[in-house]
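Engineer: Here you go, this is upload.pdb (PDB, C-alpha atoms).
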MODEL        1
ATOM      1  CA  MET N   1      28.535  92.388 -15.940
ATOM      2  CA  GLY N   2      31.311  94.771 -15.076
ATOM      3  CA  ARG N   3      31.922  95.635 -18.695
ATOM      4  CA  MET N   4      28.225  96.290 -19.317
ATOM      5  CA  GLY N   5      28.165  98.559 -16.285
ATOM      6  CA  ASP N   6      31.166 100.464 -17.583
ATOM      7  CA  ALA N   7      29.477 100.966 -20.965
ATOM      8  CA  SER N   8      26.295 102.188 -19.278
ATOM      9  CA  THR N   9      28.267 104.630 -17.157
ATOM     10  CA  ARG N  10      30.101 105.974 -20.184
ATOM     11  CA  HIS N  11      26.768 106.445 -22.001
ATOM     12  CA  CYS N  12      25.288 108.359 -19.053
ATOM     13  CA  VAL N  13      28.367 110.571 -18.846
ATOM     14  CA  THR N  14      28.122 111.315 -22.574
ATOM     15  CA  VAL N  15      24.448 112.243 -22.321
ATOM     16  CA  LEU N  16      25.161 114.448 -19.312
ATOM     17  CA  GLN N  17      28.023 116.168 -21.126
ATOM     18  CA  GLU N  18      25.860 116.831 -24.181
ATOM     19  CA  GLY N  19      23.080 118.211 -21.969
ATOM     20  CA  GLN N  20      25.481 120.587 -20.264
ATOM     21  CA  ALA N  21      26.939 121.603 -23.625
ATOM     22  CA  ASN N  22      23.457 122.457 -24.924
ATOM     23  CA  GLN N  23      22.815 124.585 -21.835
ATOM     24  CA  HIS N  24      26.064 126.460 -22.463
ATOM     25  CA  SER N  25      25.061 126.882 -26.110
ATOM     26  CA  LEU N  26      21.762 128.538 -25.097
ATOM     27  CA  ARG N  27      23.532 130.760 -22.581
ATOM     28  CA  ALA N  28      25.953 131.807 -25.306
ATOM     29  CA  LEU N  29      23.016 132.631 -27.611
ATOM     30  CA  ASP N  30      21.420 134.707 -24.847
ATOM     31  CA  LEU N  31      24.668 136.619 -24.246
ATOM     32  CA  ALA N  32      25.145 137.180 -27.988
ATOM     33  CA  LEU N  33      21.651 138.669 -28.269
ATOM     34  CA  HIS N  34      22.323 140.914 -25.275
ATOM     35  CA  GLY N  35      25.610 142.088 -26.715
ATOM     36  CA  GLY N  36      24.427 142.579 -30.289
ATOM     37  CA  ALA N  37      20.808 143.694 -29.982
ATOM     38  CA  GLY N  38      20.324 144.553 -26.334
ATOM     39  CA  LEU N  39      17.749 141.763 -26.068
ATOM     40  CA  GLY N  40      17.645 138.419 -24.332
ATOM     41  CA  LEU N  41      15.863 135.134 -24.931
ATOM     42  CA  LYS N  42      13.136 136.258 -22.500
ATOM     43  CA  ASP N  43      12.091 138.911 -25.039
ATOM     44  CA  TRP N  44      10.754 136.118 -27.257
ATOM     45  CA  ALA N  45       8.852 134.343 -24.475
ATOM     46  CA  LEU N  46       5.305 133.230 -25.343
ATOM     47  CA  ASP N  47       2.482 134.652 -23.281
ATOM     48  CA  GLU N  48      -0.511 132.672 -22.030
ATOM     49  CA  GLN N  49      -2.618 133.347 -25.149
ATOM     50  CA  GLU N  50       0.057 132.267 -27.592
ATOM     51  CA  ARG N  51       1.184 128.858 -28.642
ATOM     52  CA  SER N  52       4.374 127.589 -30.217
ATOM     53  CA  VAL N  53       4.535 126.618 -33.865
ATOM     54  CA  GLY N  54       4.642 122.963 -32.876
ATOM     55  CA  TRP N  55       5.571 119.801 -34.724
ATOM     56  CA  LEU N  56       4.147 118.984 -38.124
ATOM     57  CA  ARG N  57       1.549 116.280 -38.236
ATOM     58  CA  GLU N  58       1.705 113.364 -40.642
ATOM     59  CA  ASN N  59       1.519 114.432 -44.321
ATOM     60  CA  GLU N  60       1.688 118.135 -43.392
ATOM     61  CA  THR N  61       3.965 120.711 -45.008
ATOM     62  CA  ARG N  62       4.965 124.022 -43.438
ATOM     63  CA  ARG N  63       5.099 127.097 -45.662
ATOM     64  CA  LEU N  64       6.235 130.444 -44.309
ATOM     65  CA  VAL N  65       4.391 133.228 -46.163
ATOM     66  CA  GLU N  66       4.740 136.950 -45.536
ATOM     67  CA  VAL N  67       1.613 139.039 -46.198
ATOM     68  CA  THR N  68       1.004 142.768 -45.765
ATOM     69  CA  GLU N  69      -2.749 142.507 -45.130
ATOM     70  CA  LEU N  70      -5.047 139.783 -43.907
ATOM     71  CA  PRO N  71      -8.492 139.073 -45.411
ATOM     72  CA  ASP N  72     -11.527 140.133 -43.391
ATOM     73  CA  TRP N  73     -12.576 136.577 -42.580
ATOM     74  CA  LEU N  74      -9.164 135.868 -41.054
ATOM     75  CA  GLN N  75      -9.053 139.193 -39.223
ATOM     76  CA  ALA N  76     -12.444 138.350 -37.689
ATOM     77  CA  ILE N  77     -11.090 135.100 -36.292
ATOM     78  CA  SER N  78      -8.543 136.893 -34.139
ATOM     79  CA  PRO N  79      -9.583 140.516 -33.652
ATOM     80  CA  ASP N  80      -7.288 140.915 -30.629
ATOM     81  CA  ARG N  81      -4.297 140.331 -32.908
ATOM     82  CA  LYS N  82      -2.937 137.347 -31.013
ATOM     83  CA  CYS N  83      -1.274 134.368 -32.568
ATOM     84  CA  ARG N  84      -4.051 131.808 -33.012
ATOM     85  CA  HIS N  85      -4.614 128.352 -34.411
ATOM     86  CA  PHE N  86      -7.268 127.813 -37.107
ATOM     87  CA  VAL N  87      -8.477 124.520 -38.596
ATOM     88  CA  GLN N  88     -10.582 124.427 -41.761
ATOM     89  CA  LYS N  89     -12.140 121.113 -42.797
ATOM     90  CA  ALA N  90     -13.188 120.252 -46.329
ATOM     91  CA  GLY N  91     -14.671 116.803 -46.632
ATOM     92  CA  GLU N  92     -12.160 114.254 -45.397
ATOM     93  CA  GLU N  93      -9.227 116.614 -45.825
ATOM     94  CA  SER N  94      -8.137 119.219 -43.329
ATOM     95  CA  SER N  95      -5.736 122.144 -43.524
ATOM     96  CA  ARG N  96      -4.108 123.846 -40.578
ATOM     97  CA  LEU N  97      -3.351 127.547 -40.642
ATOM     98  CA  GLU N  98      -0.902 129.089 -38.204
ATOM     99  CA  VAL N  99      -0.722 132.873 -38.051
ATOM    100  CA  VAL N 100       2.123 134.863 -36.535
ATOM    101  CA  TRP N 101       1.057 138.491 -36.482
ATOM    102  CA  THR N 102       3.299 141.267 -37.758
ATOM    103  CA  GLY N 103       4.951 143.271 -35.022
ATOM    104  CA  ARG N 104       5.584 140.401 -32.631
ATOM    105  CA  ARG N 105       9.228 139.386 -32.348
ATOM    106  CA  THR N 106      10.028 135.976 -33.785
ATOM    107  CA  LEU N 107      13.537 134.597 -33.279
ATOM    108  CA  MET N 108      14.749 132.751 -36.377
ATOM    109  CA  THR N 109      17.953 130.786 -35.762
ATOM    110  CA  HIS N 110      20.258 128.381 -37.563
ATOM    111  CA  ALA N 111      22.260 125.555 -35.994
ATOM    112  CA  ASP N 112      24.585 122.763 -37.007
ATOM    113  CA  TYR N 113      22.846 119.388 -37.355
ATOM    114  CA  GLY N 114      24.620 117.710 -34.458
ATOM    115  CA  PRO N 115      24.225 116.732 -30.803
ATOM    116  CA  ILE N 116      25.251 120.171 -29.536
ATOM    117  CA  GLY N 117      23.198 123.301 -30.207
ATOM    118  CA  ILE N 118      20.146 122.208 -32.116
ATOM    119  CA  PRO N 119      18.552 120.016 -29.369
ATOM    120  CA  GLY N 120      18.463 123.004 -27.018
ATOM    121  CA  ARG N 121      16.833 125.174 -29.676
ATOM    122  CA  PHE N 122      14.235 122.496 -30.381
ATOM    123  CA  TRP N 123      13.405 122.507 -26.692
ATOM    124  CA  LEU N 124      13.047 126.305 -26.633
ATOM    125  CA  PHE N 125      10.869 126.668 -29.706
ATOM    126  CA  PHE N 126       8.786 123.502 -29.764
ATOM    127  CA  SER N 127       7.943 123.156 -26.088
ATOM    128  CA  GLY N 128       5.998 126.409 -25.899
ATOM    129  CA  LEU N 129       8.700 128.515 -24.237
ATOM    130  CA  LEU N 130       9.802 130.930 -26.964
ATOM    131  CA  ARG N 131       8.406 132.361 -30.181
ATOM    132  CA  GLY N 132      10.799 131.279 -32.900
ATOM    133  CA  TYR N 133      12.118 128.614 -35.230
ATOM    134  CA  VAL N 134      15.402 126.847 -35.963
ATOM    135  CA  TRP N 135      16.799 125.652 -39.268
ATOM    136  CA  SER N 136      19.373 122.885 -39.264
ATOM    137  CA  ASP N 137      22.427 122.720 -41.496
ATOM    138  CA  ILE N 138      21.326 121.024 -44.723
ATOM    139  CA  SER N 139      24.885 120.092 -45.733
ATOM    140  CA  HIS N 140      25.404 118.091 -42.544
ATOM    141  CA  ARG N 141      22.217 116.120 -43.122
ATOM    142  CA  ARG N 142      23.162 115.443 -46.740
ATOM    143  CA  TYR N 143      26.594 114.239 -45.674
ATOM    144  CA  ASP N 144      25.117 111.930 -43.041
ATOM    145  CA  ASN N 145      22.711 110.527 -45.645
ATOM    146  CA  TRP N 146      25.667 109.782 -47.926
ATOM    147  CA  ILE N 147      27.611 108.036 -45.148
ATOM    148  CA  ASP N 148      24.508 106.052 -44.138
ATOM    149  CA  ALA N 149      23.946 104.983 -47.757
ATOM    150  CA  LEU N 150      27.540 103.742 -48.036
ATOM    151  CA  SER N 151      27.198 101.848 -44.772
ATOM    152  CA  TRP N 152      23.819 100.253 -45.558
ATOM    153  CA  SER N 153      25.039  99.106 -48.976
ATOM    154  CA  ASN N 154      28.278  97.657 -47.534
ATOM    155  CA  LEU N 155      30.312 100.211 -49.488
ATOM    156  CA  ALA N 156      31.867 102.054 -46.555
ATOM    157  CA  TRP N 157      35.268 100.938 -47.831
ATOM    158  CA  VAL N 158      34.734 103.194 -50.871
ATOM    159  CA  LYS N 159      35.250 106.313 -48.773
ATOM    160  CA  GLY N 160      38.461 104.928 -47.260
ATOM    161  CA  GLU N 161      39.779 103.976 -50.680
ATOM    162  CA  MET N 162      38.820 107.392 -52.024
ATOM    163  CA  ILE N 163      40.713 109.173 -49.241
ATOM    164  CA  LEU N 164      43.747 106.945 -49.763
ATOM    165  CA  SER N 165      43.734 107.650 -53.511
ATOM    166  CA  VAL N 166      43.443 111.413 -53.245
ATOM    167  CA  SER N 167      46.014 111.612 -50.440
ATOM    168  CA  ALA N 168      48.927 110.535 -52.637
ATOM    169  CA  LEU N 169      50.111 114.127 -52.977
ATOM    170  CA  THR N 170      49.701 115.151 -49.337
ATOM    171  CA  GLY N 171      51.518 112.271 -47.682
ATOM    172  CA  PRO N 172      53.154 110.974 -45.736
ATOM    173  CA  TRP N 173      51.854 112.517 -42.527
ATOM    174  CA  GLU N 174      50.510 115.556 -44.411
ATOM    175  CA  MET N 175      54.082 116.665 -45.200
ATOM    176  CA  ALA N 176      53.662 116.498 -49.006
ATOM    177  CA  SER N 177      57.022 114.875 -49.660
ATOM    178  CA  HIS N 178      55.261 112.581 -52.146
ATOM    179  CA  PHE N 179      54.186 115.635 -54.110
ATOM    180  CA  GLY N 180      57.735 116.988 -54.130
ATOM    181  CA  ARG N 181      59.161 113.726 -55.493
ATOM    182  CA  LEU N 182      56.539 113.442 -58.244
ATOM    183  CA  ARG N 183      56.980 117.059 -59.253
ATOM    184  CA  GLU N 184      60.732 116.477 -59.587
ATOM    185  CA  VAL N 185      60.003 113.467 -61.816
ATOM    186  CA  VAL N 186      57.719 115.493 -64.096
ATOM    187  CA  GLU N 187      60.162 118.402 -64.271
ATOM    188  CA  SER N 188      62.917 115.967 -65.278
ATOM    189  CA  LEU N 189      60.655 114.383 -67.909
ATOM    190  CA  ASP N 190      59.755 117.761 -69.321
ATOM    191  CA  LYS N 191      63.424 118.746 -69.533
ATOM    192  CA  ASN N 192      64.912 115.528 -70.926
ATOM    193  CA  PHE N 193      62.163 113.693 -72.837
ATOM    194  CA  ASP N 194      59.291 114.306 -75.228
ATOM    195  CA  HIS N 195      56.071 112.657 -76.399
ATOM    196  CA  ASN N 196      58.036 109.667 -77.755
ATOM    197  CA  PHE N 197      58.893 108.525 -74.225
ATOM    198  CA  ASP N 198      58.006 104.811 -74.045
ATOM    199  CA  ILE N 199      56.159 104.755 -70.705
ATOM    200  CA  TYR N 200      54.131 107.784 -71.798
ATOM    201  CA  ARG N 201      53.083 105.903 -74.938
ATOM    202  CA  VAL N 202      52.033 102.873 -72.866
ATOM    203  CA  LEU N 203      49.846 104.890 -70.476
ATOM    204  CA  TYR N 204      48.646 107.414 -73.037
ATOM    205  CA  PRO N 205      45.268 105.652 -73.652
ATOM    206  CA  MET N 206      44.513 105.501 -69.938
ATOM    207  CA  MET N 207      45.486 109.132 -69.351
ATOM    208  CA  VAL N 208      43.390 110.321 -72.296
ATOM    209  CA  HIS N 209      40.405 108.276 -71.126
ATOM    210  CA  ASP N 210      40.557 109.753 -67.609
ATOM    211  CA  TYR N 211      41.232 113.306 -68.725
ATOM    212  CA  TYR N 212      38.348 113.424 -71.199
ATOM    213  CA  ASP N 213      36.070 111.294 -68.980
ATOM    214  CA  GLY N 214      35.765 108.595 -71.615
ATOM    215  CA  ALA N 215      34.648 110.948 -74.383
ATOM    216  CA  GLU N 216      35.643 110.065 -77.921
ATOM    217  CA  ILE N 217      38.578 112.118 -79.233
ATOM    218  CA  PRO N 218      38.724 112.248 -83.064
ATOM    219  CA  GLU N 219      42.484 112.870 -83.140
ATOM    220  CA  PHE N 220      43.203 110.114 -80.589
ATOM    221  CA  GLY N 221      46.452 108.276 -81.386
ATOM    222  CA  SER N 222      47.730 110.770 -83.932
ATOM    223  CA  GLU N 223      51.236 112.141 -83.617
ATOM    224  CA  ASN N 224      49.807 115.609 -83.253
ATOM    225  CA  HIS N 225      47.683 114.520 -80.276
ATOM    226  CA  TYR N 226      50.578 112.598 -78.710
ATOM    227  CA  GLU N 227      52.557 115.832 -78.708
ATOM    228  CA  LEU N 228      49.626 118.016 -77.604
ATOM    229  CA  PHE N 229      48.649 115.692 -74.746
ATOM    230  CA  TRP N 230      52.265 115.447 -73.546
ATOM    231  CA  ARG N 231      52.095 119.154 -72.869
ATOM    232  CA  ILE N 232      48.794 118.695 -70.991
ATOM    233  CA  VAL N 233      50.399 116.057 -68.773
ATOM    234  CA  MET N 234      53.493 118.140 -68.066
ATOM    235  CA  ASP N 235      51.338 121.150 -67.080
ATOM    236  CA  ALA N 236      48.743 119.184 -65.087
ATOM    237  CA  PRO N 237      47.689 120.999 -61.882
ATOM    238  CA  VAL N 238      48.366 117.901 -59.759
ATOM    239  CA  PHE N 239      52.077 118.431 -60.472
ATOM    240  CA  ARG N 240      51.896 122.143 -59.677
ATOM    241  CA  SER N 241      50.090 122.107 -56.322
ATOM    242  CA  LYS N 242      49.530 119.412 -53.713
ATOM    243  CA  GLY N 243      45.958 120.628 -53.122
ATOM    244  CA  GLU N 244      43.941 120.376 -49.927
ATOM    245  CA  ILE N 245      44.338 117.542 -47.461
ATOM    246  CA  ALA N 246      41.409 115.110 -47.536
ATOM    247  CA  LYS N 247      40.425 114.133 -43.992
ATOM    248  CA  ALA N 248      37.829 111.514 -43.132
ATOM    249  CA  GLY N 249      35.988 113.753 -40.654
ATOM    250  CA  ARG N 250      35.554 116.750 -42.962
ATOM    251  CA  TRP N 251      32.235 116.980 -44.803
ATOM    252  CA  PHE N 252      32.518 116.185 -48.519
ATOM    253  CA  GLN N 253      36.265 116.871 -48.449
ATOM    254  CA  ALA N 254      37.158 113.445 -49.833
ATOM    255  CA  SER N 255      34.536 113.576 -52.593
ATOM    256  CA  ARG N 256      35.412 117.191 -53.456
ATOM    257  CA  ARG N 257      39.094 116.306 -53.635
ATOM    258  CA  TRP N 258      38.204 113.299 -55.777
ATOM    259  CA  ARG N 259      36.339 115.510 -58.257
ATOM    260  CA  GLN N 260      39.375 117.782 -58.436
ATOM    261  CA  THR N 261      41.877 114.991 -59.107
ATOM    262  CA  SER N 262      40.011 112.062 -60.709
ATOM    263  CA  ARG N 263      40.734 113.190 -64.284
ATOM    264  CA  TYR N 264      44.450 113.250 -63.418
ATOM    265  CA  GLY N 265      44.588 109.835 -61.749
ATOM    266  CA  ALA N 266      46.305 108.095 -64.665
ATOM    267  CA  MET N 267      48.774 110.976 -64.938
ATOM    268  CA  LEU N 268      49.737 110.400 -61.306
ATOM    269  CA  LEU N 269      50.165 106.711 -62.093
ATOM    270  CA  PHE N 270      52.428 107.673 -65.004
ATOM    271  CA  ALA N 271      54.685 109.754 -62.744
ATOM    272  CA  ILE N 272      54.742 107.023 -60.068
ATOM    273  CA  VAL N 273      55.680 104.335 -62.596
ATOM    274  CA  VAL N 274      58.470 106.485 -64.036
ATOM    275  CA  MET N 275      59.829 107.164 -60.546
ATOM    276  CA  GLY N 276      59.612 103.450 -59.716
ATOM    277  CA  MET N 277      61.546 102.514 -62.844
ATOM    278  CA  TRP N 278      64.244 105.090 -62.136
ATOM    279  CA  LEU N 279      64.555 103.904 -58.518
ATOM    280  CA  LYS N 280      64.692 100.227 -59.632
ATOM    281  CA  TRP N 281      61.419  99.314 -57.927
ATOM    282  CA  TYR N 282      60.543  97.244 -60.988
ATOM    283  CA  GLY N 283      62.906  95.149 -63.019
ATOM    284  CA  THR N 284      60.952  95.674 -66.224
ATOM    285  CA  LEU N 285      58.101  97.814 -67.412
ATOM    286  CA  ASP N 286      55.832  94.736 -67.491
ATOM    287  CA  ALA N 287      56.435  94.276 -63.739
ATOM    288  CA  SER N 288      55.176  97.782 -63.003
ATOM    289  CA  PRO N 289      51.601  99.065 -62.616
ATOM    290  CA  ALA N 290      51.927 100.254 -66.221
ATOM    291  CA  VAL N 291      50.764  96.782 -67.325
ATOM    292  CA  LEU N 292      47.297  98.123 -66.596
ATOM    293  CA  GLY N 293      47.851 100.194 -69.696
ATOM    294  CA  SER N 294      47.407  97.086 -71.832
ATOM    295  CA  ARG N 295      43.689  97.084 -71.082
ATOM    296  CA  TRP N 296      43.490 100.762 -71.977
ATOM    297  CA  ARG N 297      45.448 100.218 -75.173
ATOM    298  CA  GLU N 298      42.618  97.937 -76.256
ATOM    299  CA  VAL N 299      40.105 100.609 -75.366
ATOM    300  CA  GLY N 300      42.157 103.156 -77.295
ATOM    301  CA  SER N 301      42.425 100.904 -80.324
ATOM    302  CA  ALA N 302      38.680 100.349 -80.378
ATOM    303  CA  GLN N 303      38.091 104.074 -80.048
ATOM    304  CA  LYS N 304      40.519 104.847 -82.865
ATOM    305  CA  THR N 305      38.858 102.240 -85.075
TER     306      THR N 305
ENDMDL
END
Kindly return the structure encoded in the file as structure tokens.
Structural biologist:
Amino acid sequence: MGRMGDASTRHCVTVLQEGQANQHSLRALDLALHGGAGLGLKDWALDEQERSVGWLRENETRRLVEVTELPDWLQAISPDRKCRHFVQKAGEESSRLEVVWTGRRTLMTHADYGPIGIPGRFWLFFSGLLRGYVWSDISHRRYDNWIDALSWSNLAWVKGEMILSVSALTGPWEMASHFGRLREVVESLDKNFDHNFDIYRVLYPMMVHDYYDGAEIPEFGSENHYELFWRIVMDAPVFRSKGEIAKAGRWFQASRRWRQTSRYGAMLLFAIVVMGMWLKWYGTLDASPAVLGSRWREVGSAQKT
């Protein structure tokens, strides 16, 4: 019972904090309007003859259309030039027309799709207090949809694995020492070896597959392509810059970082295997992650055939 009470108290405190934060957000908006335009939120207050835009009904779509002149039949509906509500019925269907007359101030705002900011604006504009509208941040909603889809399909681990994979160059603890070690390995390879290096030959099919996204390469496996692709590996951007740090709480950062590095994943594996062999992490090449290359050698052979 005590633990349930504690949880309830924490929930109430959170709700109270968010309510106060939304009040501060509206006060900040009011001060910003005063400072920038010499106006306040009260300048968009609805009078008794006006109504707010309101919520959409089921199966309705809102379209904002700017017109320079109104047809006579519409002008006759509201000759006093007030914002009015008009319903036209045609059989079983009905359409709703909302008119906001030119010359009346309408406050159009944008807010992050989160618990702070947008709830207060909804309250202002959709409760009949102010004349205006608020757009939410589309990117935030899209990101939340992606996270929800991963969760509902039991694939939430994919995001964690993605972040772990793309963080190889920015670790540990965001200090990028991993990147420094791998860059030293590649610089040493470039200085002392060439395209005949044995580990390069083992992982060549995998690196080519990733780099060209599985596309068929006519010259695959030729000596000329071995030499050409060696240069591509040595000059790969993942060995020139550590790139941005992928954090779990940043929108699309993990997926964006993945798109930037996915074609170089096998090249990173190549550098890691070489470093592991030089540091005696593996007794033989077969004991290293390079054994994965055997599967890709089969793919490469089939492609060459």
Engineer: Of the residues N:Val238, N:Leu155, N:Ile118, N:Ile272, which is the one nearest to Arg181 (chain N), using all atoms listed in the file?
Structural biologist: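 For Arg181 (chain N), the nearest of the candidates is N:Ile272.
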Engineer: Convert the output of the PyMOL selection byres ((chain N and resi 131-136) around 6) on the shown file into explicit residues, formatted as a ChimeraX atom specification.
Structural biologist: /N:44,46,106-113,125,130,137
Engineer: Can you work out which one of N:Asp210, N:Lys247, N:Ser255, N:Arg201 has the shortest atom-to-atom distance to Tyr226 (chain N), counting only C-alpha atoms?
Structural biologist: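 For Tyr226 (chain N), the nearest of the candidates is N:Arg201.
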Engineer: May I ask for the distance between CA of Leu269 (chain N) and CA of Leu203 (chain N), given in Å to one decimal place?
Structural biologist: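 Calculated distance between CA of Leu269 (chain N) and CA of Leu203 (chain N) is 8.6 Å.
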Engineer: Need the axis-aligned box for region 109-112 of chain N with 8 Å each side, so what are the centre and edges in Å to one decimal, as AutoDock Vina command-line options?
Structural biologist:
--center_x 21.3 --center_y 126.8 --center_z -36.7 --size_x 22.6 --size_y 24.0 --size_z 17.8
Engineer: Which residues would end up in the selection if the PyMOL selection byres ((chain N and resi 257) around 10) were applied here, given that I need the answer as a list in words?
Structural biologist: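 That selection, the PyMOL selection byres ((chain N and resi 257) around 10), comes back as Met162, Ile163, Ser165, Val166, Ser167, Gly243, Glu244, Ile245, Ala246, Lys247, Phe252, Gln253, Ala254, Ser255, Arg256, Trp258, Arg259, Gln260, Thr261 and Ser262 of chain N.
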Engineer: Apply the PyMOL selection byres ((chain N and resi 185) around 10) to the structure shown and report the selected residues as a list in words.
Structural biologist: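 Selected by the PyMOL selection byres ((chain N and resi 185) around 10) here: Phe179, Gly180, Arg181, Leu182, Arg183, Glu184, Val186, Glu187, Ser188, Leu189, Asp190, Lys191, Phe239, Ala271, Ile272, Val274, Met275 and Trp278 of chain N.
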Engineer: Quick one: of N:Lys159, N:Ala21, N:Tyr204, N:Leu41, who's nearest to Ile147 (chain N), counting only C-alpha atoms?
Structural biologist: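 Smallest distance to Ile147 (chain N) is found for N:Lys159.
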Engineer: May I have a table of the residues of region 102-166 of chain N lying at most 9 Å from region 24-34 of chain N, giving each one's closest pair of atoms and their distance in Å to one decimal, counting all atoms listed in the file, ordered by chain and ascending residue number, as JSON lines?
Structural biologist:
{"residue": "N:Ile116", "atom": "CA", "partner": "N:Ser25", "partner_atom": "CA", "distance": 7.5}
{"residue": "N:Gly117", "atom": "CA", "partner": "N:Ser25", "partner_atom": "CA", "distance": 5.8}
{"residue": "N:Gly120", "atom": "CA", "partner": "N:Leu26", "partner_atom": "CA", "distance": 6.7}
{"residue": "N:Arg121", "atom": "CA", "partner": "N:Leu26", "partner_atom": "CA", "distance": 7.5}
Engineer: Figure out the distance between CA of Arg263 (chain N) and CA of Phe193 (chain N), please, to one decimal in Å.
Structural biologist: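 Going from CA of Phe193 (chain N) over to CA of Arg263 (chain N), I get 23.1 Å.
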Engineer: Considering only C-alpha atoms, state which residue in the set N:Arg142, N:Lys280, N:His225, N:Lys242 is at the smallest distance from Leu268 (chain N).
Structural biologist: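 Between N:Arg142, N:Lys280, N:His225, N:Lys242, the residue approaching Leu268 (chain N) most closely is N:Lys242.
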Engineer: As an exercise, work out the distance from CA of Arg231 (chain N) to CA of Val208 (chain N) in Å and give it to one decimal place.
Structural biologist: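 A separation of 12.4 Å between them.
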Engineer: Counting all atoms listed in the file, what is within 8 Å of Ala290 (chain N), bar same-chain residues fewer than 5 positions away, as number ranges by chain?
Structural biologist: N: 199, 202-203, 269-270, 273, 285
